[in-house]
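**Student:** This one is query.cif, mmCIF, C-alpha atoms.
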```cif
data_my_file
#
loop_
_atom_site.label_atom_id
_atom_site.label_comp_id
_atom_site.auth_asym_id
_atom_site.auth_seq_id
_atom_site.Cartn_x
_atom_site.Cartn_y
_atom_site.Cartn_z
CA MET K 118 0.00 0.00 0.00
CA ASP K 119 1.30 3.39 -0.94
CA THR K 120 2.22 5.43 2.08
CA ASP K 121 3.64 8.47 0.39
CA LEU K 122 2.81 11.42 2.62
CA THR K 123 3.79 13.99 0.04
CA ALA K 124 0.77 13.46 -2.20
CA PRO K 125 -2.37 15.38 -1.30
CA ASP K 126 -4.32 12.24 -0.81
CA ALA K 127 -1.43 10.36 0.60
CA ALA K 128 -1.93 8.53 3.80
CA VAL K 129 -0.04 7.34 6.76
CA ASP K 130 -0.75 3.71 7.22
CA ASP K 131 -3.76 3.32 9.43
CA LEU K 132 -3.51 0.70 12.10
CA VAL K 133 -7.17 -0.13 12.06
CA ASP K 134 -8.74 0.94 8.85
CA PRO K 135 -6.84 0.52 5.61
CA GLY K 136 -9.18 2.98 3.92
CA PRO K 137 -8.32 6.37 2.39
CA GLN K 138 -5.13 7.66 3.93
CA PRO K 139 -5.16 11.16 5.52
CA GLY K 140 -2.58 13.89 4.90
CA LEU K 141 -0.15 14.85 7.63
CA GLY K 142 -2.46 17.58 8.82
CA GLU K 143 -5.24 15.10 9.36
CA VAL K 144 -2.86 12.71 11.05
CA LEU K 145 -1.79 15.38 13.45
CA GLU K 146 -5.40 16.34 14.06
CA GLU K 147 -5.99 12.89 15.43
CA VAL K 148 -3.41 13.59 18.13
CA PHE K 149 -5.87 16.00 19.66
CA ALA K 150 -8.85 13.72 19.39
CA ALA K 151 -8.17 12.60 22.93
CA GLY K 152 -8.75 16.14 24.12
CA GLU K 153 -6.62 18.90 25.51
CA PRO K 154 -6.39 20.82 28.75
CA PRO K 155 -8.61 23.88 29.16
CA VAL K 156 -7.04 27.27 28.56
CA GLY K 157 -8.16 28.53 31.95
CA ASP K 158 -6.46 31.78 32.92
CA GLY K 159 -3.66 31.26 30.42
CA VAL K 160 -4.36 34.53 28.65
CA ASP K 161 -4.23 36.46 31.92
CA VAL K 162 -0.91 34.80 32.68
CA VAL K 163 0.35 35.99 29.31
CA TYR K 164 -0.39 39.61 30.14
CA ARG K 165 1.10 39.31 33.60
CA ARG K 166 4.29 37.94 32.11
CA ALA K 167 4.33 40.68 29.51
CA GLU K 168 4.12 43.30 32.24
CA LYS K 169 6.88 41.59 34.17
CA LEU K 170 9.01 41.55 31.05
CA ARG K 171 8.39 45.23 30.46
CA ARG K 172 9.45 46.12 34.03
CA SER K 173 12.54 43.96 33.75
CA ARG K 174 13.56 45.67 30.54
CA LEU K 175 13.01 49.07 32.10
CA ARG K 176 15.23 48.17 35.02
CA THR K 177 17.92 46.96 32.66
CA VAL K 178 17.78 50.19 30.68
CA LEU K 179 18.02 52.33 33.80
CA VAL K 180 20.93 50.38 35.26
CA SER K 181 22.75 50.37 31.93
CA GLY K 182 22.21 54.09 31.55
CA ALA K 183 23.54 54.83 35.01
CA LEU K 184 26.55 52.63 34.37
CA VAL K 185 27.31 54.31 31.07
CA ALA K 186 26.99 57.76 32.64
CA ALA K 187 29.37 56.78 35.43
CA LEU K 188 31.88 55.38 32.95
CA VAL K 189 31.70 58.49 30.80
CA ALA K 190 32.22 60.72 33.83
CA ALA K 191 35.13 58.64 35.06
CA GLY K 192 36.69 58.55 31.62
CA GLY K 193 36.31 62.28 31.24
CA TYR K 194 37.93 62.89 34.60
CA VAL K 195 40.87 60.63 33.81
CA LEU K 196 41.41 62.23 30.41
CA THR K 197 41.16 65.73 31.82
CA THR K 198 43.59 65.21 34.65
CA SER K 199 46.09 63.30 32.54
CA LEU K 200 46.02 65.13 29.24
CA VAL K 201 45.14 68.73 29.97
CA PRO K 202 48.23 70.59 31.18
CA GLY K 203 48.15 73.27 33.78
CA THR K 204 44.94 72.12 35.36
CA PRO K 205 45.33 72.93 39.03
CA ARG K 206 44.64 69.95 41.23
CA ARG K 207 43.87 72.14 44.16
CA THR K 208 42.64 75.63 43.92
CA PRO K 209 44.09 78.00 46.52
CA PRO K 210 41.46 78.60 49.19
CA ALA K 211 40.88 82.24 48.36
CA ALA K 212 43.39 83.20 45.77
CA ALA K 213 42.73 86.74 44.71
CA PRO K 214 43.31 87.66 41.11
CA ALA K 215 46.89 88.73 40.50
CA PRO K 216 47.12 92.50 40.31
CA ALA K 217 48.83 94.19 37.38
CA PRO K 218 52.60 93.93 37.79
CA ASP K 219 53.15 97.64 38.24
CA ALA K 220 50.26 97.79 40.67
CA ASP K 221 52.12 95.52 43.06
CA PRO K 222 55.84 96.26 43.13
CA VAL K 223 56.39 93.55 45.71
CA LEU K 224 54.96 90.95 43.36
CA THR K 225 57.05 92.35 40.56
CA ALA K 226 60.16 91.99 42.65
CA LEU K 227 59.26 88.43 43.62
CA ARG K 228 58.61 87.40 40.04
CA GLY K 229 61.90 88.91 39.02
CA VAL K 230 63.77 86.63 41.38
CA ALA K 231 61.74 83.45 41.52
CA ASP K 232 62.26 80.55 39.16
CA SER K 233 60.37 80.90 35.88
CA SER K 234 58.68 77.54 36.45
CA LEU K 235 56.77 79.05 39.33
CA ARG K 236 53.72 81.20 39.27
CA ILE K 237 53.25 83.66 42.13
CA VAL K 238 49.84 85.03 42.91
CA PRO K 239 48.52 87.06 45.82
CA ARG K 240 46.98 84.99 48.54
CA ALA K 241 43.98 86.42 50.20
CA PRO K 242 44.06 88.27 52.43
CA ALA K 243 46.76 89.53 50.13
CA GLU K 244 48.01 92.50 52.10
CA GLY K 245 47.85 94.60 55.16
CA PRO K 246 49.71 97.54 56.61
CA GLY K 247 53.31 96.43 56.41
CA TRP K 248 52.89 92.98 54.91
CA ARG K 249 52.08 91.04 51.75
CA GLN K 250 51.62 87.34 51.16
CA TYR K 251 51.63 85.20 48.02
CA THR K 252 50.88 81.66 46.99
CA VAL K 253 53.37 79.91 44.74
CA LEU K 254 52.26 77.33 42.20
CA ASN K 255 53.99 75.09 39.75
CA ARG K 256 53.27 76.82 36.47
CA ARG K 257 52.92 73.56 34.52
CA THR K 258 51.07 71.33 36.90
CA GLY K 259 49.35 73.90 39.09
CA GLN K 260 50.63 72.09 42.16
CA GLN K 261 51.04 74.30 45.17
CA ARG K 262 54.65 74.96 46.09
CA GLY K 263 54.25 77.04 49.19
CA LEU K 264 53.95 80.54 50.48
CA ILE K 265 55.99 83.74 50.39
CA GLU K 266 55.42 86.35 53.08
CA VAL K 267 57.05 89.75 53.03
CA SER K 268 56.85 92.17 55.94
CA VAL K 269 58.52 95.42 56.89
CA TYR K 270 59.50 96.76 60.24
CA SER K 271 61.09 99.87 61.65
CA ALA K 272 64.35 99.52 63.58
CA PRO K 273 66.17 102.87 63.49
CA ASP K 274 68.29 101.85 66.44
CA GLY K 275 69.47 98.65 64.88
CA VAL K 276 68.37 95.05 65.17
CA CYS K 277 69.82 92.02 66.86
CA PHE K 278 69.73 89.40 64.18
CA PRO K 279 68.61 86.24 65.96
CA VAL K 280 70.76 83.20 66.41
CA LEU K 281 68.59 80.12 66.28
CA ALA K 282 70.85 78.13 68.52
CA ASP K 283 71.24 80.90 71.08
CA PRO K 284 68.31 83.17 71.85
CA GLU K 285 70.58 85.53 73.76
CA ALA K 286 73.09 86.04 70.99
CA CYS K 287 73.03 88.30 68.01
CA ALA K 288 74.18 87.04 64.65
CA ARG K 289 76.90 88.83 62.80
CA PRO K 290 75.13 90.25 59.74
CA GLU K 291 76.33 90.09 56.22
CA TYR K 292 76.27 93.10 53.99
CA ALA K 293 74.71 93.79 50.67
CA GLY K 294 76.30 96.88 49.26
CA ASP K 295 76.95 99.78 51.61
CA ASP K 296 73.51 100.29 53.03
CA VAL K 297 72.01 96.96 53.86
CA GLU K 298 72.90 94.42 56.45
CA TYR K 299 71.21 91.08 56.56
CA ALA K 300 71.07 87.59 57.91
CA ARG K 301 69.51 84.55 56.37
CA TYR K 302 68.08 81.46 57.94
CA ALA K 303 67.20 77.96 56.76
CA ASP K 304 65.17 75.51 58.73
CA ASP K 305 64.44 72.33 56.80
CA ARG K 306 64.70 69.83 59.55
CA ASP K 307 61.00 69.21 59.37
CA VAL K 308 60.18 68.08 55.81
CA ASP K 309 56.59 69.18 56.37
CA TRP K 310 57.60 72.68 57.41
CA GLN K 311 60.63 73.90 55.58
CA VAL K 312 61.40 77.59 55.79
CA TYR K 313 63.98 79.84 54.21
CA GLN K 314 63.98 83.35 55.64
CA ALA K 315 66.08 86.44 55.33
CA ILE K 316 66.05 89.68 57.31
CA GLY K 317 67.56 92.79 55.81
CA ARG K 318 67.97 96.21 57.38
CA ARG K 319 68.61 99.40 55.55
CA LEU K 320 71.17 101.30 57.51
CA SER K 321 70.09 104.73 56.32
CA ASP K 322 66.60 104.69 57.81
CA GLY K 323 66.42 101.48 59.80
CA ARG K 324 63.75 99.90 57.60
CA VAL K 325 63.79 96.16 58.05
CA LEU K 326 62.48 93.81 55.41
CA ALA K 327 61.75 90.18 56.20
CA VAL K 328 61.15 87.66 53.45
CA MET K 329 59.99 84.21 54.41
CA ALA K 330 59.47 81.38 51.93
CA THR K 331 57.62 78.38 53.35
CA GLY K 332 57.40 75.12 51.48
CA GLU K 333 54.07 73.38 50.98
CA ARG K 334 53.02 71.92 54.30
CA GLY K 335 52.17 68.32 54.91
CA THR K 336 53.73 66.79 51.80
CA GLY K 337 55.76 64.28 53.76
CA ASN K 338 58.46 64.68 51.16
CA ALA K 339 61.59 66.83 51.38
CA ASP K 340 61.58 67.75 47.71
CA ALA K 341 57.88 68.45 47.53
CA GLY K 342 58.02 70.50 50.73
CA ARG K 343 61.03 72.54 49.72
CA PRO K 344 60.38 76.31 49.90
CA PRO K 345 59.66 78.02 46.59
CA LEU K 346 62.64 80.35 47.01
CA THR K 347 66.21 79.37 47.67
CA PRO K 348 68.09 80.91 50.62
CA LEU K 349 69.98 83.06 48.15
CA GLN K 350 66.78 84.25 46.54
CA THR K 351 65.25 85.18 49.90
CA SER K 352 68.33 87.13 50.88
CA THR K 353 68.40 88.84 47.49
CA LEU K 354 64.86 89.99 48.06
CA ALA K 355 65.44 90.96 51.69
CA THR K 356 68.29 93.24 50.64
CA ASP K 357 66.48 94.75 47.67
CA ALA K 358 66.30 98.51 48.33
CA ASP K 359 63.48 98.91 45.83
CA LEU K 360 61.51 96.26 47.59
CA MET K 361 62.02 98.02 50.88
CA SER K 362 60.64 101.17 49.28
CA ALA K 363 57.67 99.32 47.82
CA PHE K 364 55.93 99.63 51.11
CA GLY K 365 54.49 102.91 52.22
CA PRO K 366 56.49 105.04 54.65
CA GLY K 367 53.93 104.48 57.39
CA GLU K 368 53.66 100.70 56.92
CA SER K 369 55.16 98.61 59.62
CA CYS K 370 54.63 95.32 61.38
CA ASN K 371 56.17 96.50 64.56
CA GLY K 372 52.82 95.66 66.06
CA PRO K 373 50.66 94.95 67.53
CA ASP K 374 48.95 93.72 64.33
CA PRO K 375 47.76 90.16 64.47
CA ALA K 376 47.57 90.05 60.69
CA CYS K 377 51.30 90.46 60.27
CA PRO K 378 53.05 87.23 59.32
CA LEU K 379 54.22 84.99 62.09
CA LEU K 380 57.82 84.57 61.10
CA LYS K 381 59.76 81.44 61.81
CA VAL K 382 62.53 83.72 62.97
CA PRO K 383 60.83 86.75 64.51
CA VAL K 384 62.33 90.13 63.90
CA PRO K 385 63.29 91.55 67.31
CA VAL K 386 61.95 95.06 67.02
CA THR K 387 60.41 97.32 69.54
CA THR K 388 56.66 97.01 69.66
CA ARG K 389 54.92 100.27 69.27
CA MET J 116 -4.04 41.81 10.97
CA ALA J 117 -0.75 43.24 12.10
CA SER J 118 -0.67 46.63 13.67
CA ASN J 119 2.65 48.34 13.64
CA ASP J 120 2.29 50.44 16.72
CA ASP J 121 -0.48 48.99 18.82
CA GLU J 122 -0.13 46.34 21.41
CA ALA J 123 -1.39 42.93 20.23
CA PRO J 124 -5.10 43.05 21.08
CA HIS J 125 -6.59 40.81 23.67
CA GLU J 126 -8.78 39.12 21.07
CA PHE J 127 -5.77 38.13 19.03
CA VAL J 128 -4.00 36.66 22.04
CA THR J 129 -7.11 34.82 23.14
CA ALA J 130 -7.67 33.38 19.67
CA ARG J 131 -4.07 32.34 19.14
CA TYR J 132 -3.55 30.83 22.56
CA PRO J 133 -5.10 27.38 21.95
CA GLU J 134 -3.71 27.14 18.40
CA LEU J 135 -0.24 28.03 19.50
CA ARG J 136 -0.43 25.64 22.39
CA ARG J 137 -1.32 22.78 20.06
CA SER J 138 1.64 23.53 17.84
CA ALA J 139 3.81 23.68 20.92
CA PHE J 140 2.42 20.34 22.05
CA LEU J 141 3.26 18.79 18.71
CA MET J 142 6.79 20.11 19.13
CA CYS J 143 7.38 18.74 22.61
CA GLY J 144 4.62 16.26 23.45
CA ASP J 145 4.10 17.76 26.91
CA TRP J 146 1.08 19.91 27.69
CA ASP J 147 2.72 21.70 30.60
CA LEU J 148 5.79 22.52 28.58
CA ALA J 149 3.63 23.52 25.64
CA GLU J 150 1.70 25.88 27.90
CA GLU J 151 4.93 27.40 29.19
CA HIS J 152 6.30 28.02 25.70
CA THR J 153 2.99 29.38 24.51
CA GLN J 154 2.70 31.85 27.36
CA ARG J 155 6.30 32.94 26.96
CA SER J 156 5.93 33.55 23.23
CA LEU J 157 2.67 35.43 23.60
CA ALA J 158 4.03 37.53 26.47
CA ARG J 159 7.02 38.45 24.35
CA LEU J 160 4.69 39.41 21.53
CA VAL J 161 2.58 41.61 23.80
CA ALA J 162 5.67 43.29 25.30
CA ASP J 163 7.39 43.88 21.96
CA SER J 164 4.26 44.95 20.11
CA ARG J 165 3.80 47.71 22.70
CA ARG J 166 7.06 49.17 21.52
CA GLY J 167 6.07 48.95 17.88
CA ARG J 168 8.70 46.34 17.14
CA VAL J 169 6.39 43.73 15.63
CA TYR J 170 5.17 43.96 12.07
CA ASP J 171 3.63 40.54 11.61
CA TRP J 172 2.25 39.09 14.79
CA ASP J 173 1.81 35.53 13.50
CA ALA J 174 5.27 35.40 11.99
CA TYR J 175 6.75 36.79 15.21
CA LEU J 176 4.82 34.35 17.38
CA TYR J 177 5.65 31.18 15.52
CA SER J 178 9.19 32.22 14.89
CA HIS J 179 9.73 32.80 18.60
CA LEU J 180 7.99 29.56 19.51
CA MET J 181 9.92 27.36 17.12
CA THR J 182 13.21 29.02 18.00
CA SER J 183 12.64 28.34 21.67
CA PHE J 184 12.19 24.67 20.93
CA ALA J 185 15.25 24.57 18.74
CA ARG J 186 17.30 25.60 21.76
CA ARG J 187 15.96 22.77 23.88
CA LYS J 188 17.43 19.34 23.76
CA PRO J 189 14.74 17.01 22.47
CA ARG J 190 13.58 14.55 25.07
CA ARG J 191 13.46 11.43 22.99
CA ASP J 192 12.64 9.24 25.91
CA HIS J 193 9.71 11.30 27.08
CA LEU J 194 6.53 9.43 27.79
CA PHE J 195 3.75 11.33 26.09
CA VAL J 196 0.84 11.81 28.39
CA ALA J 197 -2.68 12.02 27.10
CA ALA J 198 -4.79 15.05 27.92
CA PRO J 199 -6.62 15.15 31.23
CA ASP J 200 -10.13 13.87 31.41
CA GLU J 201 -11.75 17.32 31.62
CA GLY J 202 -12.85 17.24 28.03
CA THR J 203 -14.95 14.64 26.33
CA PRO J 204 -12.70 12.58 24.10
CA ALA J 205 -13.69 12.86 20.53
CA ARG J 206 -15.12 9.88 18.84
CA GLY J 207 -12.41 7.80 17.34
CA ALA J 208 -9.71 8.97 19.69
CA ASP J 209 -6.90 6.48 19.84
CA PRO J 210 -4.36 7.08 22.61
CA VAL J 211 -2.00 4.50 21.21
CA ARG J 212 -1.98 6.09 17.82
CA THR J 213 -1.50 9.48 19.44
CA ILE J 214 1.59 8.26 21.18
CA LEU J 215 2.91 6.64 18.03
CA VAL J 216 2.42 9.78 16.00
CA LEU J 217 3.99 11.97 18.65
CA ASP J 218 6.87 9.61 19.09
CA ALA J 219 7.52 9.51 15.36
CA LEU J 220 7.30 13.26 15.19
CA HIS J 221 9.65 13.59 18.09
CA LYS J 222 12.25 11.42 16.44
CA LEU J 223 12.73 14.13 13.85
CA ALA J 224 15.20 16.93 14.38
CA PRO J 225 13.58 20.04 15.94
CA ARG J 226 13.93 22.11 12.80
CA CYS J 227 12.52 19.40 10.60
CA ARG J 228 9.63 18.93 13.01
CA ALA J 229 9.01 22.67 13.01
CA VAL J 230 8.85 22.76 9.22
CA LEU J 231 6.30 19.97 9.14
CA ILE J 232 4.14 21.57 11.80
CA LEU J 233 4.23 25.02 10.21
CA ARG J 234 3.58 23.69 6.71
CA HIS J 235 1.06 20.93 7.32
CA TRP J 236 -0.53 21.79 10.63
CA GLU J 237 -0.56 25.59 10.58
CA GLY J 238 -0.76 25.79 6.79
CA PHE J 239 1.93 28.39 6.25
CA ALA J 240 3.46 28.75 2.82
CA VAL J 241 7.04 27.79 2.06
CA ASP J 242 8.29 31.38 2.08
CA GLU J 243 6.43 32.19 5.29
CA THR J 244 7.90 29.12 6.96
CA ALA J 245 11.34 30.05 5.69
CA ASP J 246 11.05 33.54 7.20
CA MET J 247 9.90 32.23 10.53
CA LEU J 248 12.71 29.73 10.84
CA GLY J 249 15.43 31.76 9.20
CA LEU J 250 15.86 29.32 6.35
CA THR J 251 15.87 29.54 2.58
CA ASP J 252 12.87 28.29 0.62
CA ASP J 253 14.91 25.41 -0.78
CA ARG J 254 15.93 24.37 2.67
CA VAL J 255 12.34 24.35 3.84
CA ASP J 256 11.39 22.14 0.90
CA ALA J 257 14.23 19.79 1.69
CA TYR J 258 13.25 19.55 5.35
CA ASP J 259 9.64 19.06 4.37
CA ALA J 260 10.37 16.20 2.00
CA ALA J 261 12.80 14.54 4.35
CA GLY J 262 10.46 14.92 7.31
CA LEU J 263 7.50 13.43 5.48
CA ALA J 264 9.57 10.55 4.26
CA ALA J 265 10.91 9.88 7.72
CA LEU J 266 7.46 10.00 9.29
CA ASP J 267 6.18 7.69 6.63
CA TYR J 268 8.91 5.23 7.40
CA LEU J 269 8.53 5.52 11.16
CA LEU J 270 4.80 5.17 11.22
CA HIS J 271 4.77 2.50 8.63
CA GLY J 272 7.35 0.55 10.52
CA ALA J 273 5.51 1.07 13.81
CA ALA J 274 2.28 -0.07 12.27
CA GLU J 275 3.89 -3.24 11.10
CA THR J 276 5.27 -3.90 14.54
CA ALA J 277 1.99 -3.15 16.27
CA THR J 278 -0.20 -5.25 14.04
CA GLY J 279 2.34 -7.90 13.32
CA ASP J 280 1.26 -7.83 9.69
CA ALA J 281 3.95 -8.09 7.16
CA ARG J 282 3.78 -5.26 4.70
CA THR J 283 5.10 -6.09 1.33
CA GLY J 284 5.61 -4.03 -1.64
CA ASP J 285 5.93 -0.85 0.33
CA SER J 286 8.29 1.66 -0.96
CA GLU J 287 11.41 1.80 1.05
CA THR J 288 11.93 5.32 2.14
CA ALA J 289 15.12 6.34 3.77
CA VAL J 290 14.82 7.89 7.17
CA ALA J 291 15.85 11.52 7.05
#
```
Just dump the structure as structure tokens.
**Tutor:**
Amino acid sequence: MDTDLTAPDAAVDDLVDPGPQPGLGEVLEEVFAAGEPPVGDGVDVVYRRAEKLRRSRLRTVLVSGALVAALVAAGGYVLTTSLVPGTPRRTPPAAAPAPAPDADPVLTALRGVADSSLRIVPRAPAEGPGWRQYTVLNRRTGQQRGLIEVSVYSAPDGVCFPVLADPEACARPEYAGDDVEYARYADDRDVDWQVYQAIGRRLSDGRVLAVMATGERGTGNADAGRPPLTPLQTSTLATDADLMSAFGPGESCNGPDPACPLLKVPVPVTTR
Amino acid sequence: MASNDDEAPHEFVTARYPELRRSAFLMCGDWDLAEEHTQRSLARLVADSRRGRVYDWDAYLYSHLMTSFARRKPRRDHLFVAAPDEGTPARGADPVRTILVLDALHKLAPRCRAVLILRHWEGFAVDETADMLGLTDDRVDAYDAAGLAALDYLLHGAAETATGDARTGDSETAVA
């Protein structure tokens, strides 16, 4: 008997009745002759699952979006800090805009002496009667390098240049030209507080100029905490007659002015 | 029938549910599994049609259904269970024959089985079947011919074993 299923009237061999053979569709129909389970709440289940699927997809989208945003932000930060030069890592707390060079002769003098790799800007509060202070930054990296404080005093009767090792003694000053005597100090024992300071006194009028360069505090590293001016540079500034004249005739930190810099080596002058 | 932007309507889902479940049953021989696949495929259709991603609901449905079975390892040793007694068995129902047919069907590869079901049970055309299964038209024809020949051989051979009658003169058809 022909059992070719491909012909329209072809038949699968019937176990019981060797009559006309059904097509595959009819054969498969017989599978369901025994019945099938009721649909019940199947359709409701479909819609519940669809809603669950929709919520799951929404969660995935939100999480993916947040992750992408975080990656983009992190990538941008890494690129910015590594590729963009001169981006300051830390902004000085209240760095005032640098005044025009001729508006601040003290700043002009400092910039004329300091290394060209450094950038000197006023540090707020930038000035007071008898004093000025400046923040020093690495010009390329923007890293803070320390602080420069300049203050003037009046000592017409002379000054006992301190000796660090002997509070009772007076140091023998050095001389810069004919009119200025000075002493310089270096205290770099503490890597987190390294100070180079120089005190100069103009013999003609007793004006004293103190220049103190303090390295960046808390670096834990001798090189990183080194003051932004060398001892020679501080003494050059402290003996600069023009710098001494940059302050007004009435300016003085003889005191008592709490805003005047607290020098590592105080200038022993008479308090007014 | 297909709506590009609207969610698949409730009437469509309700109408397709029993049909799809039967096709799923023919694929796996298990009513519970067939129900699971049916619900999953319809839920996917409802979810995706809400987003306007479905252009032909039937094609999407059957494509998803058949693909899900293609990923499953066929359970060749599964004992096919007849439907529960809730319904009244139709006249002429033969549980033995049902099992034989299902067993023969299940001996075919999933893709071949899917082609036969889509072509001969659901009545889809060759090109429609090809689209649903991701095949070429020629491939569908090849699967169809091979599947029919294999079923013929399997059922013919089973019939001979069951009845004990020797069948002579039958064409020998190679099992696909």
**Student:** What's the separation between CA of Tyr194 in chain K and CA of Arg240 in chain K, in Å to one decimal place?
**Tutor:**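 Interatomic distance, CA of Tyr194 in chain K to CA of Arg240 in chain K: 27.7 Å.
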**Student:** Go through J:Val255, J:Leu157, J:Ala139, J:Ala240 and flag the residue nearest chain K, using all atoms listed in the file for the distances.
**Tutor:**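 Closest to chain K, using all atoms listed in the file: J:Leu157.
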**Student:** Would you pick out the contacts of Arg159 in chain J at 12 Å or less, using all atoms listed in the file, so that residues sharing its chain but fewer than 2 positions from it are not included, and give the list as number ranges by chain?
**Tutor:** K: 163-171, 174; J: 122-123, 128, 152-157, 161-166, 168-169, 172, 175-180, 183
**Student:** Given the file shown, enumerate the residues that the PyMOL selection byres ((chain K and resi 346) around 9) captures and present them as a ChimeraX atom specification.
**Tutor:** /K:230-232,265,313,329-332,343-345,347-351
**Student:** Tell me which of J:Gly249, J:Pro124, J:Gly144, J:Pro133 sits closest to chain K, counting only C-alpha atoms.
**Tutor:** J:Pro133
**Student:** Near Arg262 in chain K, counting all atoms listed in the file, which residues have an atom at most 6 Å away, once you skip same-chain residues fewer than 4 positions from it, shown as a list of chain:residue names?
**Tutor:**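 Here the answer would be K:Val253, K:Leu254, K:Glu333, K:Pro345.
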**Student:** Can I get the selected residues back with C-alpha atoms, as a PDB file, keeping the file's coordinate frame?
**Tutor:**
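Resulting contents of again-v2.pdb:
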```
ATOM      1  CA  VAL K 253      53.370  79.910  44.740  1.00  0.00           C
ATOM      2  CA  LEU K 254      52.260  77.330  42.200  1.00  0.00           C
ATOM      3  CA  GLU K 333      54.070  73.380  50.980  1.00  0.00           C
ATOM      4  CA  PRO K 345      59.660  78.020  46.590  1.00  0.00           C
TER       5      PRO K 345
END
```
**Student:** Nearest to Ser138 in chain J among K:Asp296, K:Glu146, K:Glu368, K:Glu285, with distances taken over all atoms listed in the file: which residue is it?
**Tutor:**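 The answer is K:Glu146, which sits nearest to Ser138 in chain J.
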**Student:** What does the distance from CA of Leu326 in chain K to CA of Leu281 in chain K come to in Å, to one decimal?
**Tutor:**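 So the answer is 18.5 Å.
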**Student:** Interatomic distance between CA of Leu250 in chain J and CA of Phe127 in chain J?
**Tutor:**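 About the pair CA of Leu250 in chain J and CA of Phe127 in chain J: they are 26.6 Å apart.
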**Student:** List the spatial neighbours of Ala293 in chain K as a list in words - criterion: any atom at most 9 Å away, all atoms listed in the file, same-chain residues fewer than 5 positions off excluded.
**Tutor:**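 Counting all atoms listed in the file, the residues come to Glu298, Tyr299, Gly317, Thr353, Thr356 and Asp357 of chain K.
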**Student:** I need the chosen residues saved as a PDB file, in the frame of the given file, with C-alpha atoms.
**Tutor:**
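Listed below is the output, result-v5.pdb:
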```pdb
ATOM      1  CA  GLU K 298      72.900  94.420  56.450  1.00  0.00           C
ATOM      2  CA  TYR K 299      71.210  91.080  56.560  1.00  0.00           C
ATOM      3  CA  GLY K 317      67.560  92.790  55.810  1.00  0.00           C
ATOM      4  CA  THR K 353      68.400  88.840  47.490  1.00  0.00           C
ATOM      5  CA  THR K 356      68.290  93.240  50.640  1.00  0.00           C
ATOM      6  CA  ASP K 357      66.480  94.750  47.670  1.00  0.00           C
TER       7      ASP K 357
END
```
**Student:** Taking all atoms listed in the file into account, name the residue in K:Gly192, K:Pro155, K:Pro273, K:Gly259 that is nearest to chain J.
**Tutor:**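 Looking only at the distances to chain J, the closest residue turns out to be K:Pro155.
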**Student:** Given the file above and the PyMOL selection byres ((chain K and resi 363) around 10), which residues are selected, and can you give them as a list in words?
**Tutor:** Asp221, Pro222, Val223, Leu224, Ala226, Val269, Asp357, Ala358, Asp359, Leu360, Met361, Ser362, Phe364, Gly365 and Pro366 of chain K
**Student:** Give me range 291-301 of chain K with N, CA and C atoms filled in, as a tab-separated table (two decimals), in the frame of the given file.
**Tutor:**
```
chain	number	residue	atom	x	y	z
K	291	GLU	N	75.59	89.93	57.46
K	291	GLU	CA	76.33	90.09	56.22
K	291	GLU	C	75.89	91.42	55.61
K	292	TYR	N	76.58	91.80	54.58
K	292	TYR	CA	76.27	93.10	53.99
K	292	TYR	C	76.02	92.98	52.50
K	293	ALA	N	75.04	93.71	52.11
K	293	ALA	CA	74.71	93.79	50.67
K	293	ALA	C	74.92	95.25	50.28
K	294	GLY	N	75.98	95.50	49.58
K	294	GLY	CA	76.30	96.88	49.26
K	294	GLY	C	76.72	97.63	50.51
K	295	ASP	N	76.52	98.96	50.48
K	295	ASP	CA	76.95	99.78	51.61
K	295	ASP	C	75.82	100.06	52.59
K	296	ASP	N	74.61	99.77	52.22
K	296	ASP	CA	73.51	100.29	53.03
K	296	ASP	C	72.63	99.22	53.64
K	297	VAL	N	72.92	98.00	53.36
K	297	VAL	CA	72.01	96.96	53.86
K	297	VAL	C	72.79	95.85	54.56
K	298	GLU	N	72.36	95.56	55.74
K	298	GLU	CA	72.90	94.42	56.45
K	298	GLU	C	71.81	93.35	56.52
K	299	TYR	N	72.24	92.11	56.58
K	299	TYR	CA	71.21	91.08	56.56
K	299	TYR	C	71.73	89.77	57.17
K	300	ALA	N	70.78	88.96	57.45
K	300	ALA	CA	71.07	87.59	57.91
K	300	ALA	C	70.04	86.67	57.26
K	301	ARG	N	70.47	85.48	56.99
K	301	ARG	CA	69.51	84.55	56.37
K	301	ARG	C	69.46	83.27	57.19
```
